[in-house]
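To keep things clear, I will list the structure first and then write my remarks on it.
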Amino acid sequence: MASPYPDGDREKVASKLPSTLQQQLKIRAAELALDIQDAVEAAITTWRTTERAVLEVDTTGAKSFSTWLPPGLYEDFKDTCTSRSVSYTQGLAQAIRDWLDDNPSPQHATKATDPERKIVGNQKGGVGKTAVSAGIGQAYAEDGKRVLIVDFDPQGHLSEQLAVPQIEPDHDSLVSHMCGEGEGDLRDLIVEIDDPRFQKRLHVLPACFDGFLLDAKIAVVGTQKRGFQKEAALELALRPLESDYDVVIIDCPPSLGIAMDAALYYGRRRRGEAAGRSGVIIPVLAEDSSLTAYSMLAQQIEDLCSDLSLQIDHLGLVVNQYDSRRGYVATSTLNSWKSVGDPRVLAVIGDLKEQREAVRKKMPLLSYAPNSDQAEAMRQVARGASR
Ligand SMILES: Nc1ncnc2c1ncn2[C@@H]1O[C@H](COP(=O)(O)OP(=O)(O)O)[C@@H](O)[C@H]1O
Ligand SMILES: [Mg+2]
């Protein structure tokens, strides 16, 4: 509903907005010395013109809210709501929530509250995704950061290697939360690695066998829930936990399916986030088939970025299990990796016994062999992937 503004250059708009958002908007606008109407105008303009908003805002009990907007803006906004299949109340709530995220309180302006998100992926199996996810997680925790490693591969190697039991089928799990069908708090499923070296800072969200059904489940939910965006499913599940962590690491499955897209989306550069803070780490081997696999993955990343107008940063490559004694194929492929340039090579890691021994003993590598070359390589990757 719109009616003319007294001085003619704005029109009155009456809508609804949850009272908590109304209150936050009022306080934030005051803190930033802005008129509320200018803040709402900026919120709506940004929401309409940038990447599609992902997370639904709970608008139950939304209260009347009115403001003054430039003529025509509210009509355009309503068109965008229609094209995104969201109600006007939902659209406005998303716009205001995003604006609040983009315009932090000056009191907290220097502190980025979102955790760094490191997506460790490659559709090829056996290249070291799980070893790198676990290793860098341990390195960050050792360094004082609060770390969550998500075992996103339904095979559950990471959980198994750290002696964390997998979640039983049909139990509440990451997958049920990704589909918006979570029963309890996802925090209840998280397991702390009990090792004095990490001082309660290293946590694992275990895998669940139902992950094998993820693609099918998400496709069904997509047809049932209006506004459900499959690529945003992982974010939907993990966002509520984020304030507990400084770093979230995703150990991806060996596939290029929906799970990988959801992980990549989760690792995108968020508005206002510094470049190279979150993004993808790709472990590779020094052999020709790894080069082909890499180019497919790089293409998928590029497609996702252009389809959804995202930026996904490449944090780097890890050339794993490198053995120069394998001769020309190994050495020349290593040179190819180095010549890629961007992403850069974060580390070249040999075929080292400590990695296999730690796995066999179901112990964290950095605890089993803290002074080994392998542990040092993991610290180097962690540092390199955290510019
Ligand atoms: N640098 C390394 N040296 C020796 N063994 C390694 C190394 N990196 C990984 N491995 C072992 O190789 C196997 C495959 O590695 P993994 O991390 O599970 O790969 P992915 O997750 O990509 O399938 C595992 O048994 C792992 O312990
Ligand atoms: Mg793995």
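Identifiers in this document derive from the order of the structure tokens: chains are assigned A, B, ..., residues are numbered from 1 separately in each chain, and ligands are numbered from 1 in order of occurrence.
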- prompt: ligand 2: which residues are within 6 Å, counting only C-alpha atoms and all ligand atoms, as a list in words?
  reply: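 Selection of residues at most 6 Å from ligand 2: Lys129, Thr130 and His157 of chain A.
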Environment of ligand 1 within 10 Å, counting only C-alpha atoms and all ligand atoms, reported as JSON, numbers by chain: {"A": [120, 121, 122, 123, 124, 125, 126, 127, 128, 129, 130, 131, 132, 133, 134, 135, 153, 155, 156, 157, 158, 161, 251, 252, 253, 254, 282, 283, 284, 285, 318, 319, 320, 321, 322, 323, 348, 349, 350, 351, 352, 353, 354, 355, 356, 357, 358, 359, 360, 365, 373, 374, 375, 377, 378]}
Put those residues in a file: C-alpha atoms, as a tab-separated table (two decimals), in the first residue's frame.
chain	number	residue	atom	x	y	z
A	120	VAL	CA	38.17	-29.26	1.00
A	121	GLY	CA	37.02	-30.84	-2.23
A	122	ASN	CA	37.90	-32.96	-5.23
A	123	GLN	CA	35.60	-35.47	-6.89
A	124	LYS	CA	38.53	-37.87	-7.16
A	125	GLY	CA	38.79	-40.24	-4.21
A	126	GLY	CA	42.02	-40.99	-2.35
A	127	VAL	CA	43.71	-37.64	-3.05
A	128	GLY	CA	43.86	-36.54	0.60
A	129	LYS	CA	40.68	-34.52	1.23
A	130	THR	CA	40.07	-36.22	4.54
A	131	ALA	CA	43.73	-36.10	5.57
A	132	VAL	CA	43.88	-32.36	4.80
A	133	SER	CA	40.52	-31.57	6.44
A	134	ALA	CA	41.51	-33.34	9.64
A	135	GLY	CA	45.09	-32.04	9.56
A	153	ASP	CA	31.24	-37.62	3.04
A	155	GLN	CA	31.44	-42.86	3.79
A	156	GLY	CA	32.47	-41.33	7.10
A	157	HIS	CA	36.24	-41.76	6.80
A	158	LEU	CA	36.99	-38.65	8.80
A	161	GLN	CA	39.76	-41.94	11.60
A	251	ASP	CA	35.43	-32.58	4.16
A	252	CYS	CA	33.59	-33.12	0.87
A	253	PRO	CA	32.50	-36.39	-0.71
A	254	PRO	CA	34.19	-37.55	-3.93
A	282	ILE	CA	41.84	-28.75	-3.53
A	283	PRO	CA	44.13	-31.67	-2.70
A	284	VAL	CA	45.57	-33.27	-5.85
A	285	LEU	CA	48.07	-35.96	-6.82
A	318	VAL	CA	47.82	-29.32	-1.94
A	319	VAL	CA	49.97	-31.68	-4.00
A	320	ASN	CA	49.74	-34.84	-1.92
A	321	GLN	CA	51.62	-38.13	-1.73
A	322	TYR	CA	54.31	-36.77	-3.98
A	323	ASP	CA	57.18	-39.12	-4.76
A	348	VAL	CA	53.86	-30.47	-1.61
A	349	ILE	CA	53.52	-33.43	0.73
A	350	GLY	CA	55.39	-36.70	0.40
A	351	ASP	CA	54.02	-40.18	0.87
A	352	LEU	CA	54.57	-40.30	4.59
A	353	LYS	CA	54.12	-43.14	7.03
A	354	GLU	CA	52.86	-41.06	9.95
A	355	GLN	CA	49.63	-40.25	8.10
A	356	ARG	CA	48.79	-43.92	7.62
A	357	GLU	CA	49.89	-44.80	11.15
A	358	ALA	CA	47.72	-42.10	12.73
A	359	VAL	CA	44.74	-43.35	10.69
A	360	ARG	CA	45.39	-46.92	11.77
A	365	LEU	CA	47.93	-36.82	13.37
A	373	ASP	CA	56.92	-33.62	8.36
A	374	GLN	CA	53.28	-34.51	7.75
A	375	ALA	CA	52.11	-32.54	10.80
A	377	ALA	CA	52.84	-29.75	6.25
A	378	MET	CA	49.31	-29.52	7.71
Per residue of segment 64-162 of chain A within 7 Å of segment 204-220 of chain A, what are the shortest atom pair and its distance in Å to one decimal, counting only C-alpha atoms, with rows by chain and residue number, as CSV?
residue,atom,partner,partner_atom,distance
A:Leu148,CA,A:Val204,CA,5.6
A:Ile149,CA,A:Val204,CA,4.8
A:Val150,CA,A:Leu205,CA,4.8
A:Asp151,CA,A:Ala207,CA,5.0
A:Phe152,CA,A:Ala207,CA,6.0
A:Asp153,CA,A:Ala207,CA,6.4
A:Pro154,CA,A:Gly211,CA,4.9
A:Gly156,CA,A:Ala207,CA,5.1
A:Ser159,CA,A:Pro206,CA,5.6
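Among the candidates A:Cys179, A:Leu17, A:Leu308, A:Leu238, the residue lying nearest to Thr50 of chain A is A:Leu308 (atoms considered: only C-alpha atoms).
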Using DSSP on the backbone coordinates, identify the residues of segment 36-246 of chain A assigned to strand (DSSP E or B); present them as a short mmCIF file (atom, residue, chain, number, x, y, z; two decimals) with N, CA and C atoms, in the first residue's frame.
data_model
loop_
_atom_site.label_atom_id
_atom_site.label_comp_id
_atom_site.auth_asym_id
_atom_site.auth_seq_id
_atom_site.Cartn_x
_atom_site.Cartn_y
_atom_site.Cartn_z
N LYS A 63 4.82 -7.54 12.72
CA LYS A 63 3.94 -6.42 13.09
C LYS A 63 3.93 -5.36 11.98
N SER A 64 2.90 -4.51 12.02
CA SER A 64 2.81 -3.45 11.01
C SER A 64 4.06 -2.60 11.03
N PHE A 65 4.49 -2.25 9.84
CA PHE A 65 5.69 -1.42 9.71
C PHE A 65 5.50 -0.50 8.52
N SER A 66 5.70 0.79 8.72
CA SER A 66 5.58 1.66 7.55
C SER A 66 6.77 2.60 7.47
N THR A 67 7.07 2.99 6.23
CA THR A 67 8.18 3.91 6.00
C THR A 67 7.93 4.67 4.70
N TRP A 68 8.87 5.52 4.31
CA TRP A 68 8.73 6.32 3.10
C TRP A 68 9.81 5.93 2.11
N LEU A 69 9.40 5.60 0.89
CA LEU A 69 10.37 5.16 -0.12
C LEU A 69 10.22 6.00 -1.39
N GLU A 116 35.72 -18.47 9.40
CA GLU A 116 36.36 -18.76 8.11
C GLU A 116 35.82 -20.11 7.68
N ARG A 117 35.52 -20.26 6.38
CA ARG A 117 34.96 -21.53 5.90
C ARG A 117 35.88 -22.10 4.83
N LYS A 118 36.42 -23.28 5.13
CA LYS A 118 37.37 -23.93 4.22
C LYS A 118 36.72 -25.18 3.65
N ILE A 119 36.52 -25.18 2.34
CA ILE A 119 35.86 -26.31 1.68
C ILE A 119 36.95 -27.17 1.04
N VAL A 120 37.11 -28.40 1.52
CA VAL A 120 38.17 -29.26 1.00
C VAL A 120 37.52 -30.25 0.03
N VAL A 147 37.30 -24.88 16.27
CA VAL A 147 37.19 -25.48 14.94
C VAL A 147 36.07 -26.52 14.88
N LEU A 148 35.28 -26.44 13.82
CA LEU A 148 34.32 -27.50 13.53
C LEU A 148 34.71 -28.14 12.20
N ILE A 149 34.94 -29.46 12.23
CA ILE A 149 35.15 -30.18 10.96
C ILE A 149 33.87 -30.95 10.67
N VAL A 150 33.32 -30.69 9.49
CA VAL A 150 32.08 -31.37 9.10
C VAL A 150 32.45 -32.56 8.22
N ASP A 151 32.11 -33.77 8.67
CA ASP A 151 32.35 -34.95 7.85
C ASP A 151 31.19 -35.06 6.87
N ILE A 167 26.62 -41.32 12.64
CA ILE A 167 25.22 -41.22 13.08
C ILE A 167 24.41 -42.33 12.40
N VAL A 191 30.64 -33.81 18.19
CA VAL A 191 31.49 -34.54 19.13
C VAL A 191 32.80 -33.77 19.32
N GLU A 192 33.20 -33.62 20.56
CA GLU A 192 34.45 -32.92 20.85
C GLU A 192 35.59 -33.94 20.86
N LEU A 202 38.48 -28.62 19.30
CA LEU A 202 38.35 -29.34 18.03
C LEU A 202 37.09 -30.20 18.05
N HIS A 203 36.15 -29.86 17.19
CA HIS A 203 34.86 -30.55 17.18
C HIS A 203 34.60 -31.17 15.80
N VAL A 204 33.84 -32.28 15.82
CA VAL A 204 33.51 -32.95 14.56
C VAL A 204 31.99 -33.14 14.49
N LEU A 205 31.44 -32.81 13.34
CA LEU A 205 30.04 -33.16 13.07
C LEU A 205 30.09 -34.45 12.26
N CYS A 208 26.67 -39.29 8.36
CA CYS A 208 25.52 -40.17 8.53
C CYS A 208 25.29 -40.88 7.21
#
List the neighbours of Thr333 of chain A out to 10 Å using only C-alpha atoms; skip same-chain residues closer than 2 positions along the sequence, and give me the result as a JSON list (two decimals) with C-alpha atoms, in the first residue's frame.
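Generated file (out_39.json):
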[["chain", "number", "residue", "atom", "x", "y", "z"],
["A", 285, "LEU", "CA", 48.07, -35.96, -6.82],
["A", 286, "ALA", "CA", 50.98, -35.50, -9.18],
["A", 287, "GLU", "CA", 49.51, -37.56, -12.01],
["A", 288, "ASP", "CA", 47.69, -36.83, -15.25],
["A", 290, "SER", "CA", 44.33, -35.46, -11.35],
["A", 291, "LEU", "CA", 44.79, -32.66, -13.88],
["A", 319, "VAL", "CA", 49.97, -31.68, -4.00],
["A", 328, "TYR", "CA", 58.98, -37.93, -15.17],
["A", 329, "VAL", "CA", 55.17, -38.20, -14.82],
["A", 330, "ALA", "CA", 55.34, -37.10, -11.20],
["A", 331, "THR", "CA", 57.90, -34.33, -11.67],
["A", 335, "ASN", "CA", 55.50, -28.49, -12.52],
["A", 336, "SER", "CA", 52.07, -28.25, -14.14],
["A", 337, "TRP", "CA", 50.47, -27.69, -10.74],
["A", 338, "LYS", "CA", 53.00, -25.04, -9.87],
["A", 339, "SER", "CA", 52.47, -23.31, -13.19]]
task: Using DSSP on the backbone coordinates, identify all residues within segment 53-174 of chain A classified as helix (DSSP H, G or I); present the result as JSON, numbers by chain.
output: {"A": [73, 74, 75, 76, 77, 78, 79, 80, 81, 82, 83, 88, 89, 90, 91, 92, 93, 94, 95, 96, 97, 98, 99, 100, 101, 102, 106, 107, 108, 129, 130, 131, 132, 133, 134, 135, 136, 137, 138, 139, 140, 141, 142, 157, 158, 159, 160, 161, 174]}
Go ahead and write the residues just picked, N, CA and C atoms, as a CSV table (one decimal), in the first residue's frame.
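Below is the file that was written, again_22.csv:
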chain,number,residue,atom,x,y,z
A,73,LEU,N,9.8,2.3,-6.1
A,73,LEU,CA,10.7,1.3,-5.5
A,73,LEU,C,9.9,0.1,-4.9
A,74,TYR,N,8.8,0.5,-4.3
A,74,TYR,CA,8.0,-0.6,-3.6
A,74,TYR,C,7.4,-1.5,-4.7
A,75,GLU,N,6.9,-0.9,-5.8
A,75,GLU,CA,6.3,-1.7,-6.8
A,75,GLU,C,7.4,-2.7,-7.4
A,76,ASP,N,8.6,-2.1,-7.7
A,76,ASP,CA,9.7,-3.0,-8.2
A,76,ASP,C,10.0,-4.1,-7.2
A,77,PHE,N,10.0,-3.7,-5.9
A,77,PHE,CA,10.3,-4.7,-4.9
A,77,PHE,C,9.3,-5.8,-4.9
A,78,LYS,N,8.0,-5.5,-5.1
A,78,LYS,CA,7.0,-6.5,-5.1
A,78,LYS,C,7.2,-7.4,-6.3
A,79,ASP,N,7.6,-6.8,-7.4
A,79,ASP,CA,7.8,-7.7,-8.6
A,79,ASP,C,8.9,-8.7,-8.3
A,80,THR,N,10.0,-8.2,-7.6
A,80,THR,CA,11.1,-9.1,-7.3
A,80,THR,C,10.6,-10.2,-6.4
A,81,CYS,N,9.8,-9.8,-5.4
A,81,CYS,CA,9.2,-10.9,-4.5
A,81,CYS,C,8.5,-11.9,-5.3
A,82,THR,N,7.7,-11.5,-6.2
A,82,THR,CA,6.9,-12.4,-7.0
A,82,THR,C,7.8,-13.3,-7.8
A,83,SER,N,8.9,-12.7,-8.4
A,83,SER,CA,9.7,-13.6,-9.2
A,83,SER,C,10.5,-14.5,-8.4
A,88,TYR,N,5.7,-10.6,0.4
A,88,TYR,CA,6.3,-9.3,0.5
A,88,TYR,C,6.9,-9.2,1.9
A,89,THR,N,6.2,-9.7,2.9
A,89,THR,CA,6.8,-9.7,4.3
A,89,THR,C,8.1,-10.4,4.4
A,90,GLN,N,8.2,-11.6,3.7
A,90,GLN,CA,9.4,-12.4,3.8
A,90,GLN,C,10.5,-11.6,3.0
A,91,GLY,N,10.2,-11.0,1.9
A,91,GLY,CA,11.2,-10.3,1.1
A,91,GLY,C,11.7,-9.1,1.9
A,92,LEU,N,10.8,-8.4,2.5
A,92,LEU,CA,11.3,-7.2,3.3
A,92,LEU,C,12.2,-7.7,4.5
A,93,ALA,N,11.7,-8.8,5.1
A,93,ALA,CA,12.5,-9.3,6.3
A,93,ALA,C,13.9,-9.7,5.9
A,94,GLN,N,14.0,-10.4,4.7
A,94,GLN,CA,15.3,-10.8,4.2
A,94,GLN,C,16.2,-9.6,3.9
A,95,ALA,N,15.5,-8.6,3.3
A,95,ALA,CA,16.3,-7.4,2.9
A,95,ALA,C,16.8,-6.7,4.1
A,96,ILE,N,16.0,-6.6,5.2
A,96,ILE,CA,16.5,-5.9,6.4
A,96,ILE,C,17.5,-6.7,7.1
A,97,ARG,N,17.3,-8.0,7.2
A,97,ARG,CA,18.3,-8.9,7.8
A,97,ARG,C,19.7,-8.8,7.1
A,98,ASP,N,19.6,-8.8,5.8
A,98,ASP,CA,20.9,-8.7,5.0
A,98,ASP,C,21.6,-7.4,5.2
A,99,TRP,N,20.7,-6.3,5.3
A,99,TRP,CA,21.3,-5.0,5.5
A,99,TRP,C,21.9,-4.9,6.9
A,100,LEU,N,21.3,-5.5,7.9
A,100,LEU,CA,21.9,-5.5,9.2
A,100,LEU,C,23.2,-6.2,9.2
A,101,ASP,N,23.3,-7.4,8.4
A,101,ASP,CA,24.6,-8.1,8.3
A,101,ASP,C,25.6,-7.3,7.6
A,102,ASP,N,25.2,-6.5,6.6
A,102,ASP,CA,26.2,-5.8,5.8
A,102,ASP,C,26.6,-4.5,6.5
A,106,PRO,N,28.8,-0.2,14.8
A,106,PRO,CA,30.2,0.4,14.9
A,106,PRO,C,30.9,-0.2,16.1
A,107,GLN,N,30.2,-0.7,17.1
A,107,GLN,CA,30.9,-1.3,18.2
A,107,GLN,C,31.6,-2.6,17.8
A,108,HIS,N,31.1,-3.3,16.8
A,108,HIS,CA,31.6,-4.6,16.4
A,108,HIS,C,32.2,-4.5,15.0
A,129,LYS,N,41.7,-35.5,0.7
A,129,LYS,CA,40.7,-34.5,1.2
A,129,LYS,C,40.5,-34.7,2.7
A,130,THR,N,40.3,-36.0,3.1
A,130,THR,CA,40.1,-36.2,4.5
A,130,THR,C,41.3,-35.9,5.4
A,131,ALA,N,42.5,-36.3,4.8
A,131,ALA,CA,43.7,-36.1,5.6
A,131,ALA,C,43.9,-34.6,5.8
A,132,VAL,N,43.7,-33.8,4.7
A,132,VAL,CA,43.9,-32.4,4.8
A,132,VAL,C,42.8,-31.7,5.7
A,133,SER,N,41.6,-32.1,5.6
A,133,SER,CA,40.5,-31.6,6.4
A,133,SER,C,40.9,-31.8,7.9
A,134,ALA,N,41.2,-33.0,8.2
A,134,ALA,CA,41.5,-33.3,9.6
A,134,ALA,C,42.8,-32.6,10.1
A,135,GLY,N,43.8,-32.6,9.2
A,135,GLY,CA,45.1,-32.0,9.6
A,135,GLY,C,45.0,-30.5,9.8
A,136,ILE,N,44.3,-29.8,8.9
A,136,ILE,CA,44.3,-28.4,9.1
A,136,ILE,C,43.4,-28.0,10.2
A,137,GLY,N,42.3,-28.8,10.4
A,137,GLY,CA,41.5,-28.6,11.6
A,137,GLY,C,42.3,-28.7,12.9
A,138,GLN,N,43.1,-29.7,13.0
A,138,GLN,CA,44.0,-29.8,14.2
A,138,GLN,C,44.9,-28.7,14.3
A,139,ALA,N,45.5,-28.3,13.1
A,139,ALA,CA,46.5,-27.1,13.2
A,139,ALA,C,45.8,-25.9,13.7
A,140,TYR,N,44.6,-25.6,13.2
A,140,TYR,CA,43.9,-24.4,13.7
A,140,TYR,C,43.6,-24.5,15.2
A,141,ALA,N,43.1,-25.7,15.6
A,141,ALA,CA,42.7,-25.8,17.0
A,141,ALA,C,44.0,-25.7,17.9
A,142,GLU,N,45.1,-26.2,17.4
A,142,GLU,CA,46.3,-26.1,18.2
A,142,GLU,C,46.7,-24.7,18.3
A,157,HIS,N,34.8,-41.5,6.5
A,157,HIS,CA,36.2,-41.8,6.8
A,157,HIS,C,36.8,-40.9,7.9
A,158,LEU,N,36.4,-39.6,7.8
A,158,LEU,CA,37.0,-38.6,8.8
A,158,LEU,C,36.5,-39.0,10.2
A,159,SER,N,35.2,-39.3,10.3
A,159,SER,CA,34.7,-39.7,11.7
A,159,SER,C,35.4,-40.9,12.1
A,160,GLU,N,35.5,-41.9,11.3
A,160,GLU,CA,36.2,-43.1,11.6
A,160,GLU,C,37.6,-42.9,12.1
A,161,GLN,N,38.3,-42.1,11.3
A,161,GLN,CA,39.8,-41.9,11.6
A,161,GLN,C,40.0,-41.2,12.9
A,174,LEU,N,22.9,-34.0,9.9
A,174,LEU,CA,23.1,-32.9,9.1
A,174,LEU,C,22.2,-32.8,7.9
- request: Give me, please, the distance in Å between atom CA of Val345 of chain A and atom CA of Leu234 of chain A, quoted to one decimal.
  value: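 Computing it gives 27.4 Å between the two atoms.
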task: Can you work out the spacing between atom CA of Ala275 of chain A and atom CA of Asp313 of chain A in Å, to one decimal?
output: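 Value for the atom CA of Ala275 of chain A-atom CA of Asp313 of chain A distance: 7.0 Å.
The space between atom CA of Lys200 of chain A and atom CA of Asp185 of chain A spans 19.5 Å.
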- prompt: Which is closer to Ala274 of chain A than all the others in A:Thr292, A:Ser87, A:Ser386, A:Gln299, using only C-alpha atoms?
  reply: A:Ser386
statement: Using only C-alpha atoms, the best pick from A:Glu56, A:Glu11, A:Asp246, A:Asp170 as closest to Gln37 of chain A would be A:Glu11
query: Using only C-alpha atoms, which residue out of A:Gly227, A:Gln166, A:Lys361, A:Ala382 lies closest to Ile249 of chain A?
result: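 Among A:Gly227, A:Gln166, A:Lys361, A:Ala382, it is A:Ala382 that comes nearest to Ile249 of chain A.
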field: Proximity to Pro104 of chain A - best of A:Leu25, A:Leu55, A:Val164, A:Leu297, only C-alpha atoms
entry: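 Among A:Leu25, A:Leu55, A:Val164, A:Leu297, it is A:Leu25 that comes nearest to Pro104 of chain A.
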